[in-house]
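A quick write-up on the structure given underneath.
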Amino acid sequence: MDRWTNFILIGLVLGLGLSAIGCNQSAEQGEAVTATPASQGKPAVPGGPGAAPPPPEVVVALPRTGQITDHEGFTGRTVANKTIEIRARVTGYIDKINFLENEGRDVESGSVLFEIDPRLYEAEVARAQANLQQTQTRLKRVELDYDRALKTVASRTITQEQFDQVAGDRAEAKAQVEIMKANLDLAKLNLSYTKVTAPISGRVSRRQLDQGNLVRADETVLATIVSMDPMYAYFELDERTLLKLRRAVEDEGVISTRNENSVPIQMALADEEGYPHEGVVNYFDNQLDAGTGTLQARALFDNRDRMLAPGMFVRVRLPIGRPYQALLIPEQALGTDQGQKFVYVVDEQNRAQYRRLEVGKLERGERVVLGGITASDRVIVSGLQRVRPGEIVAPRADEQPTATAGTEPGATPESAAGAPTAKTASHQ
């Protein structure tokens, strides 16, 4: 054999020797592991190397049930049911302002707000009275002439032409008296206009002019008054909702009235939760706006507490459909998977089960469930990020159950144990 063949044989021998040494060391290590206390039946230390992690703790709750009425929500603005611009009806200079301490406050109908210098109009009244007295004196004289002419015309002492002249003077004097009476009434009316009064009870704005300024009749705005109770709220109704509302009104029992102009409505202010204010829709416009496809509607609300003011932003909602019993779960219990809502429920073996849901409206923090779970399912409401389908979990009951916010005002929640299964009807 040549030199290269010798080298190859020597390498093979050395490799086999090293492999034998490694096998002996592995066997010795295996025997040492078998001889450890853990291999003699003693349990592993919790949390130590090789121990299984504990199941994730989650909070569960049973669905609640309550009477739900489907609603459609809109935004709107409050408007006073009466808005009056206070204008002077005669020209003159402002002599007094009587509501300086009540600007921005309520005033009663008939309260004198401004006084215009009355001296010019007092003089007009005096002149009209004098003119009336003058014409009345002339009428008395003409009446005497007429009585005499009436006696003498029969004896032909005066001609018929002279009698007609006297009778004409008498009729003219009577008419002149009526004219002077009308002038006097007009002068007195203008004098009364020098006191600018509140035409309605309501809240007055600040003054627009100070004392001493000239105001022109029917032109100058002195202040504004708005009525505070009741209050209007205007909003825009889309065509689809309008059709649903009208069909609901026609269907007896869906809405408590058959009159479209007295549909119940609820309202909330910008800082309010839920819809605490109750009112009625008392007006719908007679045509839709072709540009927006909406119809203007107006609701009427009580405002005895003066909480509402014109121009406020409000949220309103209309009942659409018949009340029904529905299941409700907290909104935080829902997850979203490619646009599909789902929840995890815990079965009898404490395994998390994935359930797809058909959901409805959000009702004051709780979601209406139309299908996918029953009232006896334990729904995971907290700890969703630690849950996987089929995984064993450690459920803990919700110690602070969600209030029955989804129920309508006055509805009594039923026991979840005896509640029906979730409604499967379609819901928009």
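Letters A, B, ... mark the chains of the structure tokens in the order given; residue numbers begin at 1 per chain; ligand numbers begin at 1, in order shown.
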Using DSSP on the backbone coordinates, identify all residues within stretch 156-299 of chain A classified as strand (DSSP E); present the result as an MDAnalysis selection string.
chainID A and resid 195:197 202:204 214:215 221:226 231:238 263:269 277:284 294:299
Expected file: the selected residues, C-alpha atoms, as a short mmCIF file (atom, residue, chain, number, x, y, z; two decimals), in the first residue's frame:
```cif
data_model
loop_
_atom_site.label_atom_id
_atom_site.label_comp_id
_atom_site.auth_asym_id
_atom_site.auth_seq_id
_atom_site.Cartn_x
_atom_site.Cartn_y
_atom_site.Cartn_z
CA LYS A 195 -92.61 102.60 25.62
CA VAL A 196 -91.08 99.53 23.99
CA THR A 197 -92.45 96.44 25.74
CA GLY A 202 -88.78 84.84 27.43
CA ARG A 203 -85.08 85.50 27.80
CA VAL A 204 -83.89 88.90 26.64
CA LEU A 214 -81.50 107.69 17.83
CA VAL A 215 -83.71 104.82 16.76
CA VAL A 221 -83.10 96.39 16.42
CA LEU A 222 -82.88 97.17 20.13
CA ALA A 223 -82.66 93.60 21.52
CA THR A 224 -83.99 90.09 20.94
CA ILE A 225 -86.21 87.82 23.04
CA VAL A 226 -86.44 84.05 22.75
CA MET A 231 -87.86 74.13 23.05
CA TYR A 232 -87.57 72.85 19.49
CA ALA A 233 -84.86 70.53 18.15
CA TYR A 234 -84.41 70.34 14.37
CA PHE A 235 -82.67 67.39 12.71
CA GLU A 236 -82.37 65.80 9.27
CA LEU A 237 -84.01 62.45 8.55
CA ASP A 238 -82.63 60.27 5.75
CA VAL A 263 -94.01 60.27 17.31
CA PRO A 264 -92.13 59.88 20.62
CA ILE A 265 -88.46 60.85 20.58
CA GLN A 266 -85.57 60.99 23.04
CA MET A 267 -82.78 63.54 23.29
CA ALA A 268 -79.39 63.92 24.96
CA LEU A 269 -77.13 66.93 25.38
CA HIS A 277 -85.08 63.94 27.71
CA GLU A 278 -88.46 62.82 26.35
CA GLY A 279 -90.40 64.67 23.64
CA VAL A 280 -92.47 64.28 20.49
CA VAL A 281 -91.84 64.92 16.81
CA ASN A 282 -94.50 67.44 15.85
CA TYR A 283 -93.38 68.47 12.36
CA PHE A 284 -92.01 66.95 9.17
CA THR A 294 -82.96 64.20 3.75
CA LEU A 295 -86.15 65.54 5.26
CA GLN A 296 -86.15 68.15 8.00
CA ALA A 297 -87.99 67.17 11.17
CA ARG A 298 -88.72 69.04 14.37
CA ALA A 299 -89.12 67.70 17.89
#
```
Tell me, as number ranges by chain, which residues lie within 12 Å of stretch 84-96 of chain A, counting only C-alpha atoms; anything in the same chain fewer than 5 positions away does not count.
A: 109, 112-121, 186-187, 189-227
Those residues you just picked out, can you put them in a file as a CSV table (one decimal), in the first residue's frame with C-alpha atoms?
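In the end it all went to again06.csv:
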```
chain,number,residue,atom,x,y,z
A,109,SER,CA,-94.7,89.8,28.5
A,112,VAL,CA,-91.3,98.0,29.5
A,113,LEU,CA,-87.8,97.5,28.1
A,114,PHE,CA,-87.0,100.9,26.5
A,115,GLU,CA,-88.5,104.3,26.7
A,116,ILE,CA,-88.2,106.8,23.8
A,117,ASP,CA,-88.4,110.5,24.4
A,118,PRO,CA,-92.2,111.0,24.5
A,119,ARG,CA,-92.5,114.9,24.3
A,120,LEU,CA,-92.9,115.1,20.5
A,121,TYR,CA,-95.7,112.5,20.6
A,186,LEU,CA,-103.2,107.6,15.9
A,187,ALA,CA,-101.4,110.2,18.0
A,189,LEU,CA,-101.0,105.0,19.6
A,190,ASN,CA,-97.7,106.6,18.6
A,191,LEU,CA,-97.3,108.0,22.1
A,192,SER,CA,-97.8,104.5,23.5
A,193,TYR,CA,-95.1,103.2,21.2
A,194,THR,CA,-92.6,105.3,23.0
A,195,LYS,CA,-92.6,102.6,25.6
A,196,VAL,CA,-91.1,99.5,24.0
A,197,THR,CA,-92.5,96.4,25.7
A,198,ALA,CA,-91.7,92.7,25.6
A,199,PRO,CA,-94.2,91.1,23.2
A,200,ILE,CA,-93.7,87.6,24.8
A,201,SER,CA,-92.3,86.1,28.0
A,202,GLY,CA,-88.8,84.8,27.4
A,203,ARG,CA,-85.1,85.5,27.8
A,204,VAL,CA,-83.9,88.9,26.6
A,205,SER,CA,-80.5,89.5,25.1
A,206,ARG,CA,-78.2,92.4,25.8
A,207,ARG,CA,-79.1,95.9,24.6
A,208,GLN,CA,-77.9,96.8,21.1
A,209,LEU,CA,-78.0,100.6,21.7
A,210,ASP,CA,-77.3,102.8,24.8
A,211,GLN,CA,-79.4,105.6,26.2
A,212,GLY,CA,-79.3,108.8,24.0
A,213,ASN,CA,-79.1,107.0,20.6
A,214,LEU,CA,-81.5,107.7,17.8
A,215,VAL,CA,-83.7,104.8,16.8
A,216,ARG,CA,-85.7,104.7,13.5
A,217,ALA,CA,-89.2,103.3,13.4
A,218,ASP,CA,-89.3,99.6,12.3
A,219,GLU,CA,-85.6,99.6,11.4
A,220,THR,CA,-83.4,99.7,14.5
A,221,VAL,CA,-83.1,96.4,16.4
A,222,LEU,CA,-82.9,97.2,20.1
A,223,ALA,CA,-82.7,93.6,21.5
A,224,THR,CA,-84.0,90.1,20.9
A,225,ILE,CA,-86.2,87.8,23.0
A,226,VAL,CA,-86.4,84.0,22.7
A,227,SER,CA,-89.0,81.8,24.4
```
Counting only C-alpha atoms, closest pick from A:Thr69, A:Asn286, A:Gln129, A:Gln176 relative to A:Tyr324 is A:Thr69
A:Tyr146 environment, 12 Å, only C-alpha atoms, sequence neighbours closer than 4 positions dropped, as a VMD selection string
chain A and resid 139 to 142 150 to 153 158 162 to 171 173
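Candidate residues A:Ser155, A:Thr137, A:Thr78, A:Asn183 were compared for distance to A:Gly311, and the nearest is A:Thr78, using only C-alpha atoms.
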So which residues of stretch 32-250 of chain A fall under helix (DSSP H, G or I) by DSSP, listed as a short mmCIF file (atom, residue, chain, number, x, y, z; two decimals) with N, CA and C atoms, in the first residue's frame?
```cif
data_model
loop_
_atom_site.label_atom_id
_atom_site.label_comp_id
_atom_site.auth_asym_id
_atom_site.auth_seq_id
_atom_site.Cartn_x
_atom_site.Cartn_y
_atom_site.Cartn_z
N ALA A 32 -26.54 8.68 35.73
CA ALA A 32 -26.54 9.73 36.75
C ALA A 32 -27.89 10.41 36.82
N VAL A 33 -28.54 10.66 35.67
CA VAL A 33 -29.85 11.30 35.66
C VAL A 33 -30.89 10.41 36.28
N THR A 34 -30.79 9.09 36.03
CA THR A 34 -31.75 8.15 36.60
C THR A 34 -31.63 8.09 38.11
N PRO A 37 -33.04 12.59 42.58
CA PRO A 37 -34.28 12.45 43.38
C PRO A 37 -35.54 12.61 42.55
N ALA A 38 -35.51 13.47 41.50
CA ALA A 38 -36.73 13.70 40.70
C ALA A 38 -37.16 12.43 40.03
N SER A 39 -36.21 11.55 39.66
CA SER A 39 -36.58 10.31 38.98
C SER A 39 -37.08 9.27 39.94
N GLN A 40 -37.02 9.54 41.27
CA GLN A 40 -37.45 8.58 42.26
C GLN A 40 -38.89 8.83 42.70
N LEU A 100 -81.40 96.94 32.40
CA LEU A 100 -79.94 96.86 32.44
C LEU A 100 -79.47 95.77 33.41
N GLU A 101 -80.19 95.57 34.49
CA GLU A 101 -79.79 94.55 35.46
C GLU A 101 -80.31 93.17 35.09
N ASN A 102 -81.14 93.07 34.07
CA ASN A 102 -81.74 91.79 33.68
C ASN A 102 -81.31 91.34 32.28
N ARG A 119 -91.95 113.49 24.35
CA ARG A 119 -92.48 114.85 24.31
C ARG A 119 -93.04 115.21 22.94
N LEU A 120 -92.39 114.80 21.88
CA LEU A 120 -92.90 115.10 20.54
C LEU A 120 -94.27 114.45 20.33
N TYR A 121 -94.42 113.25 20.80
CA TYR A 121 -95.68 112.53 20.58
C TYR A 121 -96.78 113.00 21.53
N GLU A 122 -96.39 113.52 22.69
CA GLU A 122 -97.37 114.15 23.57
C GLU A 122 -97.94 115.41 22.93
N ALA A 123 -97.06 116.12 22.25
CA ALA A 123 -97.53 117.33 21.55
C ALA A 123 -98.46 116.97 20.41
N GLU A 124 -98.18 115.88 19.72
CA GLU A 124 -99.07 115.44 18.64
C GLU A 124 -100.44 115.07 19.18
N VAL A 125 -100.49 114.47 20.35
CA VAL A 125 -101.77 114.13 20.97
C VAL A 125 -102.54 115.40 21.32
N ALA A 126 -101.83 116.37 21.88
CA ALA A 126 -102.50 117.63 22.25
C ALA A 126 -103.05 118.33 21.01
N ARG A 127 -102.32 118.36 19.94
CA ARG A 127 -102.79 119.01 18.71
C ARG A 127 -103.99 118.26 18.14
N ALA A 128 -103.95 116.92 18.16
CA ALA A 128 -105.07 116.15 17.64
C ALA A 128 -106.33 116.37 18.48
N GLN A 129 -106.15 116.53 19.78
CA GLN A 129 -107.30 116.81 20.64
C GLN A 129 -107.90 118.18 20.33
N ALA A 130 -107.04 119.16 20.08
CA ALA A 130 -107.54 120.50 19.75
C ALA A 130 -108.27 120.50 18.41
N ASN A 131 -107.75 119.82 17.44
CA ASN A 131 -108.42 119.74 16.13
C ASN A 131 -109.77 119.06 16.26
N LEU A 132 -109.84 118.03 17.09
CA LEU A 132 -111.12 117.36 17.28
C LEU A 132 -112.14 118.29 17.94
N GLN A 133 -111.68 119.02 18.94
CA GLN A 133 -112.59 119.94 19.60
C GLN A 133 -113.08 121.02 18.63
N GLN A 134 -112.21 121.48 17.76
CA GLN A 134 -112.60 122.51 16.77
C GLN A 134 -113.67 121.98 15.81
N THR A 135 -113.46 120.76 15.32
CA THR A 135 -114.44 120.20 14.39
C THR A 135 -115.76 119.87 15.08
N GLN A 136 -115.70 119.47 16.33
CA GLN A 136 -116.94 119.21 17.07
C GLN A 136 -117.74 120.49 17.28
N THR A 137 -117.05 121.61 17.52
CA THR A 137 -117.74 122.90 17.69
C THR A 137 -118.40 123.32 16.38
N ARG A 138 -117.69 123.15 15.29
CA ARG A 138 -118.28 123.49 13.99
C ARG A 138 -119.47 122.60 13.70
N LEU A 139 -119.39 121.31 14.09
CA LEU A 139 -120.50 120.41 13.85
C LEU A 139 -121.76 120.87 14.61
N LYS A 140 -121.57 121.33 15.82
CA LYS A 140 -122.72 121.81 16.59
C LYS A 140 -123.39 123.00 15.88
N ARG A 141 -122.59 123.91 15.36
CA ARG A 141 -123.16 125.06 14.66
C ARG A 141 -123.89 124.62 13.39
N VAL A 142 -123.33 123.71 12.66
CA VAL A 142 -123.96 123.25 11.44
C VAL A 142 -125.25 122.48 11.75
N GLU A 143 -125.27 121.76 12.89
CA GLU A 143 -126.47 121.04 13.30
C GLU A 143 -127.63 122.02 13.56
N LEU A 144 -127.33 123.17 14.17
CA LEU A 144 -128.36 124.19 14.41
C LEU A 144 -128.88 124.76 13.09
N ASP A 145 -127.95 125.04 12.17
CA ASP A 145 -128.36 125.54 10.85
C ASP A 145 -129.25 124.52 10.15
N TYR A 146 -128.92 123.24 10.31
CA TYR A 146 -129.71 122.21 9.64
C TYR A 146 -131.12 122.13 10.24
N ASP A 147 -131.22 122.25 11.58
CA ASP A 147 -132.54 122.18 12.21
C ASP A 147 -133.43 123.34 11.75
N ARG A 148 -132.84 124.52 11.65
CA ARG A 148 -133.64 125.66 11.19
C ARG A 148 -134.05 125.48 9.73
N ALA A 149 -133.13 125.06 8.93
CA ALA A 149 -133.45 124.89 7.50
C ALA A 149 -134.53 123.84 7.31
N LEU A 150 -134.52 122.82 8.16
CA LEU A 150 -135.51 121.76 8.04
C LEU A 150 -136.92 122.29 8.32
N LYS A 151 -137.06 123.27 9.21
CA LYS A 151 -138.36 123.84 9.53
C LYS A 151 -138.85 124.81 8.46
N THR A 152 -137.89 125.50 7.86
CA THR A 152 -138.29 126.53 6.91
C THR A 152 -138.44 126.02 5.48
N GLN A 160 -134.97 124.89 -2.02
CA GLN A 160 -134.45 123.52 -1.86
C GLN A 160 -132.94 123.51 -2.03
N GLU A 161 -132.46 124.39 -2.88
CA GLU A 161 -131.02 124.46 -3.11
C GLU A 161 -130.30 124.91 -1.85
N GLN A 162 -130.85 125.87 -1.13
CA GLN A 162 -130.23 126.33 0.12
C GLN A 162 -130.27 125.24 1.19
N PHE A 163 -131.37 124.53 1.23
CA PHE A 163 -131.46 123.42 2.20
C PHE A 163 -130.42 122.33 1.91
N ASP A 164 -130.27 122.02 0.66
CA ASP A 164 -129.26 121.00 0.29
C ASP A 164 -127.86 121.46 0.69
N GLN A 165 -127.59 122.75 0.58
CA GLN A 165 -126.29 123.27 0.96
C GLN A 165 -126.04 123.09 2.46
N VAL A 166 -127.06 123.38 3.26
CA VAL A 166 -126.93 123.22 4.71
C VAL A 166 -126.77 121.75 5.08
N ALA A 167 -127.53 120.89 4.44
CA ALA A 167 -127.41 119.46 4.72
C ALA A 167 -126.03 118.93 4.35
N GLY A 168 -125.48 119.44 3.25
CA GLY A 168 -124.13 119.02 2.86
C GLY A 168 -123.09 119.48 3.85
N ASP A 169 -123.24 120.73 4.35
CA ASP A 169 -122.29 121.21 5.36
C ASP A 169 -122.34 120.36 6.62
N ARG A 170 -123.52 119.93 7.00
CA ARG A 170 -123.69 119.09 8.19
C ARG A 170 -122.99 117.74 8.01
N ALA A 171 -123.18 117.10 6.86
CA ALA A 171 -122.52 115.81 6.60
C ALA A 171 -121.01 115.96 6.56
N GLU A 172 -120.54 117.05 5.98
CA GLU A 172 -119.10 117.29 5.90
C GLU A 172 -118.52 117.50 7.29
N ALA A 173 -119.24 118.21 8.16
CA ALA A 173 -118.75 118.46 9.52
C ALA A 173 -118.69 117.16 10.31
N LYS A 174 -119.67 116.27 10.11
CA LYS A 174 -119.65 114.98 10.79
C LYS A 174 -118.43 114.15 10.36
N ALA A 175 -118.19 114.15 9.07
CA ALA A 175 -117.02 113.40 8.58
C ALA A 175 -115.71 113.97 9.12
N GLN A 176 -115.65 115.29 9.21
CA GLN A 176 -114.44 115.93 9.73
C GLN A 176 -114.20 115.55 11.19
N VAL A 177 -115.27 115.43 11.94
CA VAL A 177 -115.13 115.01 13.34
C VAL A 177 -114.55 113.60 13.40
N GLU A 178 -115.01 112.71 12.54
CA GLU A 178 -114.48 111.34 12.54
C GLU A 178 -113.01 111.31 12.16
N ILE A 179 -112.63 112.18 11.24
CA ILE A 179 -111.21 112.24 10.85
C ILE A 179 -110.36 112.69 12.03
N MET A 180 -110.83 113.69 12.74
CA MET A 180 -110.07 114.20 13.89
C MET A 180 -109.99 113.15 15.00
N LYS A 181 -111.06 112.37 15.17
CA LYS A 181 -111.01 111.29 16.16
C LYS A 181 -109.95 110.25 15.78
N ALA A 182 -109.88 109.93 14.49
CA ALA A 182 -108.89 108.96 14.04
C ALA A 182 -107.47 109.50 14.22
N ASN A 183 -107.29 110.80 13.92
CA ASN A 183 -105.97 111.42 14.13
C ASN A 183 -105.57 111.39 15.59
N LEU A 184 -106.55 111.60 16.46
CA LEU A 184 -106.25 111.56 17.89
C LEU A 184 -105.88 110.14 18.32
N ASP A 185 -106.59 109.15 17.82
CA ASP A 185 -106.26 107.77 18.16
C ASP A 185 -104.86 107.41 17.68
N LEU A 186 -104.51 107.87 16.47
CA LEU A 186 -103.18 107.59 15.94
C LEU A 186 -102.10 108.27 16.77
N ALA A 187 -102.35 109.49 17.18
CA ALA A 187 -101.37 110.20 18.01
C ALA A 187 -101.19 109.50 19.35
N LYS A 188 -102.29 109.04 19.94
CA LYS A 188 -102.17 108.31 21.21
C LYS A 188 -101.44 106.98 21.03
N LEU A 189 -101.69 106.32 19.90
CA LEU A 189 -101.01 105.04 19.63
C LEU A 189 -99.51 105.25 19.49
N ASN A 190 -99.12 106.30 18.75
CA ASN A 190 -97.69 106.59 18.61
C ASN A 190 -97.06 106.96 19.95
N LEU A 191 -97.83 107.65 20.79
CA LEU A 191 -97.32 107.98 22.12
C LEU A 191 -97.10 106.70 22.93
N SER A 192 -98.01 105.74 22.81
CA SER A 192 -97.83 104.48 23.55
C SER A 192 -96.63 103.70 23.04
N GLU A 239 -83.85 59.28 3.92
CA GLU A 239 -85.03 58.71 3.26
C GLU A 239 -85.36 57.31 3.74
N ARG A 240 -84.36 56.47 3.94
CA ARG A 240 -84.61 55.09 4.37
C ARG A 240 -85.24 55.06 5.77
N THR A 241 -84.71 55.88 6.66
CA THR A 241 -85.28 55.94 8.01
C THR A 241 -86.70 56.49 7.98
N LEU A 242 -86.94 57.47 7.12
CA LEU A 242 -88.28 58.03 7.00
C LEU A 242 -89.28 56.96 6.57
N LEU A 243 -88.89 56.14 5.62
CA LEU A 243 -89.80 55.08 5.17
C LEU A 243 -90.05 54.06 6.28
N LYS A 244 -89.00 53.69 7.01
CA LYS A 244 -89.19 52.74 8.11
C LYS A 244 -90.09 53.33 9.19
N LEU A 245 -89.91 54.62 9.46
CA LEU A 245 -90.73 55.27 10.48
C LEU A 245 -92.20 55.29 10.07
N ARG A 246 -92.47 55.63 8.82
CA ARG A 246 -93.86 55.71 8.38
C ARG A 246 -94.52 54.34 8.35
N ARG A 247 -93.76 53.31 8.02
CA ARG A 247 -94.33 51.96 8.06
C ARG A 247 -94.57 51.53 9.50
N ALA A 248 -93.70 51.95 10.40
CA ALA A 248 -93.90 51.62 11.81
C ALA A 248 -95.11 52.33 12.38
N VAL A 249 -95.36 53.57 11.95
CA VAL A 249 -96.54 54.31 12.40
C VAL A 249 -97.81 53.64 11.88
N GLU A 250 -97.77 53.17 10.65
CA GLU A 250 -98.94 52.52 10.07
C GLU A 250 -99.23 51.17 10.73
#
```
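In this model, the gap between atom CA of A:Arg77 and atom CA of A:Ala309 comes to 9.7 Å.
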Of A:Ala397, A:Ile68, A:Ala352, A:Ile373, the one nearest to A:Pro55 when counting only C-alpha atoms is A:Ala352
Please provide as JSON, numbers by chain all residues within 6 Å of stretch 340-350 of chain A, with the sequence filter that same-chain residues fewer than 6 positions apart are discarded (counting only C-alpha atoms).
{"A": [334, 356, 357, 378, 379, 380, 392, 393]}
